[in-house]
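Source file: protein_28.cif. Holds: mmCIF, C-alpha atoms.
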```
data_start
#
loop_
_atom_site.label_atom_id
_atom_site.label_comp_id
_atom_site.auth_asym_id
_atom_site.auth_seq_id
_atom_site.Cartn_x
_atom_site.Cartn_y
_atom_site.Cartn_z
CA MET A 159 -37.40 75.00 27.11
CA THR A 160 -37.47 76.30 23.56
CA VAL A 161 -36.84 73.73 20.84
CA THR A 162 -34.98 75.35 17.95
CA ASN A 163 -34.83 74.26 14.33
CA ALA A 164 -31.19 73.22 14.86
CA MET A 165 -32.27 70.96 17.73
CA ARG A 166 -35.10 69.43 15.69
CA LEU A 167 -32.77 68.72 12.76
CA LEU A 168 -30.12 67.03 14.91
CA LYS A 169 -32.78 64.96 16.66
CA GLN A 170 -34.28 63.88 13.30
CA ALA A 171 -30.82 62.87 12.09
CA GLY A 172 -30.14 60.87 15.26
CA VAL A 173 -27.22 63.08 16.29
CA PRO A 174 -26.89 63.00 20.09
CA PHE A 175 -26.67 66.39 21.76
CA GLU A 176 -27.38 68.21 24.98
CA THR A 177 -28.25 71.84 25.51
CA SER A 178 -27.14 74.52 27.91
CA SER A 179 -28.54 77.99 28.39
CA TYR A 180 -27.19 81.23 29.79
CA GLU A 181 -28.40 84.75 30.51
CA VAL A 182 -27.99 86.96 27.44
CA ASP A 183 -26.36 90.34 27.89
CA GLU A 184 -27.36 92.50 24.90
CA SER A 185 -24.36 94.75 25.56
CA ASP A 186 -21.94 91.80 25.24
CA LEU A 187 -22.92 89.15 22.70
CA SER A 188 -19.39 87.76 22.50
CA GLY A 189 -18.75 84.06 22.68
CA VAL A 190 -16.17 84.63 25.42
CA HIS A 191 -18.94 86.14 27.55
CA ALA A 192 -21.19 83.17 26.71
CA ALA A 193 -18.43 80.71 27.74
CA ALA A 194 -18.00 82.57 31.03
CA GLN A 195 -21.76 82.48 31.65
CA LEU A 196 -21.75 78.72 30.92
CA GLY A 197 -18.70 78.21 33.16
CA VAL A 198 -16.74 76.39 30.44
CA ASP A 199 -13.37 76.76 28.73
CA PRO A 200 -13.77 79.23 25.82
CA ASP A 201 -11.59 76.94 23.69
CA CYS A 202 -14.45 74.40 23.48
CA VAL A 203 -17.13 77.00 22.64
CA PHE A 204 -17.30 77.66 18.90
CA LYS A 205 -18.73 80.67 17.12
CA THR A 206 -20.18 80.45 13.63
CA LEU A 207 -18.88 82.98 11.10
CA VAL A 208 -20.09 83.47 7.54
CA THR A 209 -17.91 84.64 4.65
CA ARG A 210 -18.25 85.41 0.95
CA SER A 211 -15.72 84.86 -1.82
CA ASP A 212 -15.01 87.26 -4.64
CA LYS A 213 -17.02 84.77 -6.76
CA ARG A 214 -20.00 85.36 -4.41
CA ASN A 215 -19.80 81.87 -2.86
CA ILE A 216 -20.78 81.60 0.81
CA TYR A 217 -18.69 79.64 3.34
CA VAL A 218 -19.27 78.94 7.03
CA PHE A 219 -16.49 78.63 9.61
CA CYS A 220 -16.78 77.45 13.22
CA ILE A 221 -13.90 78.56 15.41
CA PRO A 222 -13.20 78.89 19.14
CA VAL A 223 -14.86 82.03 20.49
CA ALA A 224 -11.63 83.67 21.68
CA GLN A 225 -9.95 83.23 18.28
CA GLU A 226 -10.07 85.28 15.07
CA LEU A 227 -10.54 83.94 11.56
CA ASN A 228 -7.47 84.05 9.37
CA LEU A 229 -9.13 84.88 6.06
CA ARG A 230 -6.08 83.77 4.05
CA LYS A 231 -6.11 80.34 5.68
CA CYS A 232 -9.88 80.18 5.20
CA ALA A 233 -9.66 81.03 1.50
CA SER A 234 -6.97 78.40 1.02
CA ALA A 235 -9.04 75.83 2.94
CA VAL A 236 -11.99 76.24 0.56
CA GLY A 237 -10.01 76.76 -2.65
CA GLU A 238 -10.77 80.45 -3.09
CA LYS A 239 -8.40 83.37 -3.72
CA LYS A 240 -10.07 85.74 -1.28
CA LEU A 241 -12.79 85.73 1.37
CA GLU A 242 -14.41 88.50 3.36
CA MET A 243 -16.84 88.46 6.24
CA ILE A 244 -20.45 89.11 5.27
CA HIS A 245 -22.00 92.22 6.75
CA VAL A 246 -24.06 91.56 9.88
CA LYS A 247 -27.11 93.05 8.06
CA GLU A 248 -26.95 90.12 5.61
CA LEU A 249 -26.77 87.39 8.24
CA LEU A 250 -30.50 86.87 8.83
CA GLY A 251 -31.38 86.84 5.13
CA LEU A 252 -28.63 84.38 4.23
CA THR A 253 -28.75 82.03 7.20
CA GLY A 254 -32.03 82.57 9.02
CA TYR A 255 -30.07 83.46 12.16
CA ILE A 256 -29.14 86.67 13.97
CA ARG A 257 -25.78 87.78 15.39
CA GLY A 258 -25.14 85.99 18.66
CA GLY A 259 -27.46 83.14 17.71
CA CYS A 260 -26.04 81.82 14.46
CA SER A 261 -25.85 78.03 14.40
CA PRO A 262 -23.99 75.97 11.80
CA VAL A 263 -27.02 73.63 11.92
CA GLY A 264 -30.21 74.50 10.04
CA MET A 265 -29.21 77.47 7.93
CA LYS A 266 -31.56 78.41 5.08
CA LYS A 267 -29.17 76.73 2.63
CA LYS A 268 -26.45 74.15 3.09
CA PHE A 269 -23.19 76.07 2.75
CA PRO A 270 -19.71 74.53 2.70
CA THR A 271 -18.60 74.45 6.33
CA VAL A 272 -15.21 74.21 8.02
CA LEU A 273 -14.63 73.38 11.69
CA ASP A 274 -11.40 74.66 13.15
CA GLU A 275 -9.13 71.66 13.66
CA THR A 276 -8.96 72.34 17.41
CA ALA A 277 -12.50 70.96 17.72
CA GLN A 278 -10.91 67.51 17.55
CA LEU A 279 -9.17 68.14 20.88
CA PHE A 280 -12.47 67.96 22.78
CA ASP A 281 -14.93 65.17 23.52
CA ARG A 282 -17.73 67.70 23.20
CA ILE A 283 -17.96 71.24 21.86
CA TYR A 284 -20.53 73.99 22.24
CA VAL A 285 -22.13 75.70 19.24
CA SER A 286 -25.14 77.97 19.04
CA ALA A 287 -28.51 76.22 19.04
CA GLY A 288 -29.85 78.99 16.79
CA GLN A 289 -30.99 81.34 19.50
CA ARG A 290 -29.14 83.75 21.74
CA GLY A 291 -28.55 82.22 25.15
CA LEU A 292 -28.88 78.60 24.01
CA GLN A 293 -26.03 76.25 23.10
CA LEU A 294 -25.84 72.76 21.65
CA ILE A 295 -23.28 70.44 23.23
CA VAL A 296 -22.22 67.87 20.67
CA GLU A 297 -19.36 65.56 19.79
CA PRO A 298 -17.24 67.34 17.16
CA GLU A 299 -17.09 64.31 14.86
CA ALA A 300 -20.87 63.87 14.96
CA LEU A 301 -21.30 67.55 14.10
CA ARG A 302 -18.69 67.34 11.32
CA ASN A 303 -20.42 64.32 9.81
CA TYR A 304 -23.87 65.93 10.02
CA LEU A 305 -22.66 69.16 8.39
CA GLY A 306 -20.43 67.44 5.83
CA ALA A 307 -17.73 69.76 7.19
CA GLU A 308 -13.97 69.51 7.10
CA TYR A 309 -11.44 70.16 9.84
CA ARG A 310 -8.89 72.85 8.94
CA ASP A 311 -6.55 75.29 10.66
CA VAL A 312 -8.39 78.56 10.01
CA THR A 313 -7.39 80.77 12.96
#
```

When written as structure tokens, how does the structure in this file appear?
Amino acid sequence: MTVTNAMRLLKQAGVPFETSSYEVDESDLSGVHAAAQLGVDPDCVFKTLVTRSDKRNIYVFCIPVAQELNLRKCASAVGEKKLEMIHVKELLGLTGYIRGGCSPVGMKKKFPTVLDETAQLFDRIYVSAGQRGLQLIVEPEALRNYLGAEYRDVT
């Protein structure tokens, strides 16, 4: 099995995790499809979304795959007036990850990160391991501590 940078970093930090893989469908990179392939509740599978403020600050949000970001709530959560999603063309350069394989762990820089508060409802959540078709399974509190993230209602 491939060992990703996200996996190496969590292991180095002593954060317990498991992995799960699924068959990638290039025509459907959605997290809902990934959850179905994994055979798990989409509410416990979290996608990683990257935003930019009007001051050019970058923020990362992890939310359940079937949900949509509420950009107003997100801006409020990070103390900004306005946020917008970055363009998919910018994702690799900013984070080191591609669409469908963006992990909150191991980005090129450490950006302020918010986990949707629903993560606390689960013993373990799934987030990308930094590669399409590969997920980390981790306790939400362990992930929050590692990332220095906050829980907020952002959907």

May I have the residues within 9 Å of segment 231-233 of chain A as an MDAnalysis selection string, using all atoms listed in the file and disregarding those fewer than 4 positions away in the same chain?
-> chainID A and resid 211 219 227 237:241 272 310:313

Would you kindly return, as a ChimeraX atom specification, each protein, DNA or RNA residue with an atom no farther than 9 Å from any atom of Gln293 of chain A, considering only C-alpha atoms and excluding same-chain residues fewer than 5 positions away?
-> /A:176-180,203,259,261,284-288

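With all atoms listed in the file as the basis for measurement, A:Leu273 is the residue among A:Leu273, A:Val182, A:Val208, A:Cys202 that approaches Ala300 of chain A most closely.
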
With the file shown as input, list the residues that the PyMOL selection byres ((chain A and resi 164-174) around 12) selects, as a PyMOL selection string.
-> chain A and resi 159-163+175-178+253-255+259-266+282+285-289+292-305

Report the residues retrieved by the PyMOL selection byres ((chain A and resi 275) around 6) from the displayed file, expressed as a ChimeraX atom specification.
-> /A:274,276-278,309-311

Looking at A:Gly197, A:Gly291, A:Lys205, A:Leu279, which one is nearest to Glu181 of chain A, with distances taken over all atoms listed in the file?
-> A:Gly291

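Distance annotation: of A:Thr206, A:Ile283, A:Ser234, A:Leu229, the residue with the minimal separation from Ala193 of chain A is A:Ile283; atom set is all atoms listed in the file.
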
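Reported to one decimal place, the separation of atom CA of Ile216 of chain A from atom CA of Leu249 of chain A is 11.2 Å.
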
Would you mind reading off the distance between atom CA of Tyr217 of chain A and atom CA of Val236 of chain A, one decimal, in Å?
-> 8.0 Å

Just need the box for segment 170-175 of chain A, edges along x, y and z, holding every atom the file lists for it with 5 Å tacked onto each side, so centre and edge lengths in Å to one decimal, as AutoDock Vina command-line options.
```
--center_x -30.5 --center_y 63.6 --center_z 16.9 --size_x 17.6 --size_y 15.5 --size_z 19.7
```

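You can rank A:Val218, A:Ile244, A:Ala307, A:Ala224 by their closest distance to Lys267 of chain A using only C-alpha atoms, and at the top of that list sits A:Val218.
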
Final N, CA and C atoms of segment 181-192 of chain A as a PDB file, in the coordinates of the input:
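As written to disk, result.pdb reads:
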```pdb
ATOM      1  N   GLU A 181     -27.748  83.443  30.544  1.00  0.00           N
ATOM      2  CA  GLU A 181     -28.400  84.750  30.510  1.00  0.00           C
ATOM      3  C   GLU A 181     -27.738  85.611  29.441  1.00  0.00           C
ATOM      4  N   VAL A 182     -28.515  86.126  28.518  1.00  0.00           N
ATOM      5  CA  VAL A 182     -27.990  86.960  27.440  1.00  0.00           C
ATOM      6  C   VAL A 182     -27.804  88.390  27.929  1.00  0.00           C
ATOM      7  N   ASP A 183     -26.649  88.944  27.595  1.00  0.00           N
ATOM      8  CA  ASP A 183     -26.360  90.340  27.890  1.00  0.00           C
ATOM      9  C   ASP A 183     -26.277  91.056  26.544  1.00  0.00           C
ATOM     10  N   GLU A 184     -27.293  91.828  26.206  1.00  0.00           N
ATOM     11  CA  GLU A 184     -27.360  92.500  24.900  1.00  0.00           C
ATOM     12  C   GLU A 184     -26.166  93.417  24.652  1.00  0.00           C
ATOM     13  N   SER A 185     -25.508  93.865  25.731  1.00  0.00           N
ATOM     14  CA  SER A 185     -24.360  94.750  25.560  1.00  0.00           C
ATOM     15  C   SER A 185     -23.066  93.973  25.311  1.00  0.00           C
ATOM     16  N   ASP A 186     -23.113  92.639  25.484  1.00  0.00           N
ATOM     17  CA  ASP A 186     -21.940  91.800  25.240  1.00  0.00           C
ATOM     18  C   ASP A 186     -22.399  90.460  24.679  1.00  0.00           C
ATOM     19  N   LEU A 187     -22.479  90.375  23.357  1.00  0.00           N
ATOM     20  CA  LEU A 187     -22.920  89.150  22.700  1.00  0.00           C
ATOM     21  C   LEU A 187     -21.753  88.236  22.339  1.00  0.00           C
ATOM     22  N   SER A 188     -20.573  88.534  22.872  1.00  0.00           N
ATOM     23  CA  SER A 188     -19.390  87.760  22.500  1.00  0.00           C
ATOM     24  C   SER A 188     -19.481  86.325  23.015  1.00  0.00           C
ATOM     25  N   GLY A 189     -18.818  85.454  22.278  1.00  0.00           N
ATOM     26  CA  GLY A 189     -18.750  84.060  22.680  1.00  0.00           C
ATOM     27  C   GLY A 189     -17.952  83.856  23.952  1.00  0.00           C
ATOM     28  N   VAL A 190     -16.966  84.729  24.186  1.00  0.00           N
ATOM     29  CA  VAL A 190     -16.170  84.630  25.420  1.00  0.00           C
ATOM     30  C   VAL A 190     -17.088  84.888  26.620  1.00  0.00           C
ATOM     31  N   HIS A 191     -17.970  85.866  26.487  1.00  0.00           N
ATOM     32  CA  HIS A 191     -18.940  86.140  27.550  1.00  0.00           C
ATOM     33  C   HIS A 191     -19.872  84.937  27.734  1.00  0.00           C
ATOM     34  N   ALA A 192     -20.317  84.345  26.628  1.00  0.00           N
ATOM     35  CA  ALA A 192     -21.190  83.170  26.710  1.00  0.00           C
ATOM     36  C   ALA A 192     -20.473  82.025  27.433  1.00  0.00           C
TER      37      ALA A 192
END
```
